[in-house]
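Working notes for the structure below.
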Amino acid sequence: MKKLSARRRHPLAAVVVLLLALAATGGLYAALAPAGKAQADDTSQSLAIEEGKKLYAVGCASCHGTGGQGTTDGPSLVGVGSAAVDFQVGTGRMPAQQPGAQVPKKKVIYTQAQIDQLAAYVSSLGAGPITPTESQTNPDGADVGKGGELFRTNCAQCHNFTGEGGALTHGKYAPSLAGVSPKHLYEAMQTGPQNMPSFPDSTMPEKEKKDIIAYVKAVNGEETPSPGGFGLGNLGPVSEGLFAWIFGLGALIAVAVWVAAHTAKAKKS
């Protein structure tokens, strides 16, 4: 009887065994979960690339080549990155309807999910600027005054000081920035589409890009007031001077004719 009582387990032994089992299970999960998540992410990315490749073959390969190497009708896409794809396709500029001095903005024909898939495929061809996150493009809290200084220094020569756009050479033009989303403004600065120079983070840090976005929204937003009345396109002294010449001189001529006509009638009487 003494031997049996000596072999009897302690009442807490079962609890200890249970705790050890739970700890082992938790450790096993901690060891395997990150690998499983990474594997799931890799699988999701591979699927996006596969779907993007199919979309690319239908809508892009005829101009940019079957492997994105470029042709006489379109430049190489190797190394342009996902940001360039998101901007060009997300604004409707691509696929292009026809070649020309500049591809205009038009209706978007792809969903955002399809654009992401195209961007994933093009990114797989070579590293390039990455599509920015919402936190990178959100202008809340940015310095509008500093953004105005940066915009007038780097952008106003082409886009006008309020972002209304303007003409360039050989049929090219700087488009209006009215209604352009913060993400696409950021991507345009990142990638330098068409005739625009690029401003990577090494040249223009993220904070300065956000300052410029805040300025553009302040002076050319959908609800931006015009305290001076009719803006005349906000093109500065050119449009204002033309308005003065056409309507000012027209009014003077009309007054002169009226005075001459009444003077002649007075003399006859």
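Chains: A, B, ... in order of the structure tokens. Residues: from 1 per chain. Ligands: from 1, in order shown.
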| message | I'd like the contact shell of Gln102 (chain A) - 9 Å cut-off, only C-alpha atoms, skipping same-chain residues fewer than 4 positions apart - returned as a PyMOL selection string. | response | chain A and resi 171-173+194-195
Exercise. Considering only C-alpha atoms, return as a PyMOL selection string whatever protein or nucleic-acid residues lie within 8 Å of Gln136 (chain A), sequence-local ones (same chain, fewer than 4 positions apart) excluded.
Key: chain A and resi 132+206+210
Discussion item. What parts of region 27-132 of chain A does DSSP call helix (DSSP H, G or I)? I'd like the answer as JSON, numbers by chain.
Written reply: {"A": [27, 28, 29, 30, 31, 32, 33, 34, 35, 36, 37, 38, 39, 40, 41, 42, 43, 44, 45, 46, 47, 48, 49, 50, 51, 52, 53, 54, 55, 56, 57, 58, 59, 61, 62, 63, 64, 81, 82, 83, 84, 85, 86, 87, 88, 89, 90, 112, 113, 114, 115, 116, 117, 118, 119, 120, 121, 122, 123, 124, 125]}
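Residues surrounding region 105-107 of chain A within 10 Å are Gln88, Val89, Gly90, Thr91, Gly92, Arg93, Met94, Pro95, Ala96, Gln97 and Pro175 of chain A [only C-alpha atoms; sequence separation below 5 positions excluded].
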* Name all residues at most 9 Å from Leu150 (chain A) (count only C-alpha atoms; drop same-chain ones fewer than 5 positions away) and give them as a list in words. =>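 Close residues of Leu150 (chain A): Gly145, Cys155, Glu208, Lys209, Asp211 and Ile212 of chain A.
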* Could you give me, as a ChimeraX atom specification, the residues within 12 Å of Asn154 (chain A), counting only C-alpha atoms and dropping anything in the same chain fewer than 3 positions from it? => /A:147-151,157-161,163,189,196-199,203-204,208-209,212
Note to self: If we count only C-alpha atoms and set the cut-off at 9 Å, which residues sit around Glu187 (chain A), ignoring sequence neighbours fewer than 4 positions away in its own chain? Please answer as number ranges by chain.
What the structure shows: A: 83-84, 86-87, 129-132, 182-183, 191-193
Selection above as a file: N, CA and C atoms, as a PDB file, in the first residue's frame:
```
ATOM      1  N   ALA A  83       4.154  52.431 -59.500  1.00  0.00           N
ATOM      2  CA  ALA A  83       3.596  53.790 -59.422  1.00  0.00           C
ATOM      3  C   ALA A  83       3.278  54.334 -60.814  1.00  0.00           C
ATOM      4  N   ALA A  84       4.156  54.059 -61.779  1.00  0.00           N
ATOM      5  CA  ALA A  84       3.928  54.534 -63.147  1.00  0.00           C
ATOM      6  C   ALA A  84       2.697  53.875 -63.753  1.00  0.00           C
ATOM      7  N   ASP A  86       0.117  52.575 -62.078  1.00  0.00           N
ATOM      8  CA  ASP A  86      -1.071  53.064 -61.381  1.00  0.00           C
ATOM      9  C   ASP A  86      -1.464  54.448 -61.886  1.00  0.00           C
ATOM     10  N   PHE A  87      -0.481  55.301 -62.182  1.00  0.00           N
ATOM     11  CA  PHE A  87      -0.794  56.640 -62.675  1.00  0.00           C
ATOM     12  C   PHE A  87      -1.321  56.582 -64.104  1.00  0.00           C
ATOM     13  N   PRO A 129       9.741  52.785 -58.931  1.00  0.00           N
ATOM     14  CA  PRO A 129       8.949  53.480 -57.901  1.00  0.00           C
ATOM     15  C   PRO A 129       7.687  52.710 -57.537  1.00  0.00           C
ATOM     16  N   ILE A 130       7.439  52.600 -56.231  1.00  0.00           N
ATOM     17  CA  ILE A 130       6.317  51.817 -55.727  1.00  0.00           C
ATOM     18  C   ILE A 130       5.096  52.719 -55.522  1.00  0.00           C
ATOM     19  N   THR A 131       3.912  52.171 -55.770  1.00  0.00           N
ATOM     20  CA  THR A 131       2.672  52.908 -55.543  1.00  0.00           C
ATOM     21  C   THR A 131       2.612  53.393 -54.099  1.00  0.00           C
ATOM     22  N   PRO A 132       2.404  54.693 -53.866  1.00  0.00           N
ATOM     23  CA  PRO A 132       2.420  55.216 -52.495  1.00  0.00           C
ATOM     24  C   PRO A 132       1.207  54.785 -51.697  1.00  0.00           C
ATOM     25  N   PRO A 182      -4.806  63.143 -54.823  1.00  0.00           N
ATOM     26  CA  PRO A 182      -3.482  63.246 -54.199  1.00  0.00           C
ATOM     27  C   PRO A 182      -2.549  62.098 -54.584  1.00  0.00           C
ATOM     28  N   LYS A 183      -3.092  60.889 -54.717  1.00  0.00           N
ATOM     29  CA  LYS A 183      -2.250  59.747 -55.084  1.00  0.00           C
ATOM     30  C   LYS A 183      -1.638  59.933 -56.461  1.00  0.00           C
ATOM     31  N   THR A 191       7.310  59.655 -60.818  1.00  0.00           N
ATOM     32  CA  THR A 191       7.678  58.962 -62.052  1.00  0.00           C
ATOM     33  C   THR A 191       7.948  59.884 -63.239  1.00  0.00           C
ATOM     34  N   GLY A 192       7.452  61.120 -63.204  1.00  0.00           N
ATOM     35  CA  GLY A 192       7.686  62.025 -64.334  1.00  0.00           C
ATOM     36  C   GLY A 192       7.054  61.535 -65.621  1.00  0.00           C
ATOM     37  N   PRO A 193       5.721  61.469 -65.697  1.00  0.00           N
ATOM     38  CA  PRO A 193       5.078  60.935 -66.899  1.00  0.00           C
ATOM     39  C   PRO A 193       5.211  61.862 -68.106  1.00  0.00           C
TER      40      PRO A 193
END
```
Point-to-point distance in Å for CA of Val58 (chain A) and CA of Leu77 (chain A):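 If I compute the distance from CA of Leu77 (chain A) to CA of Val58 (chain A), I get 15.6 Å.
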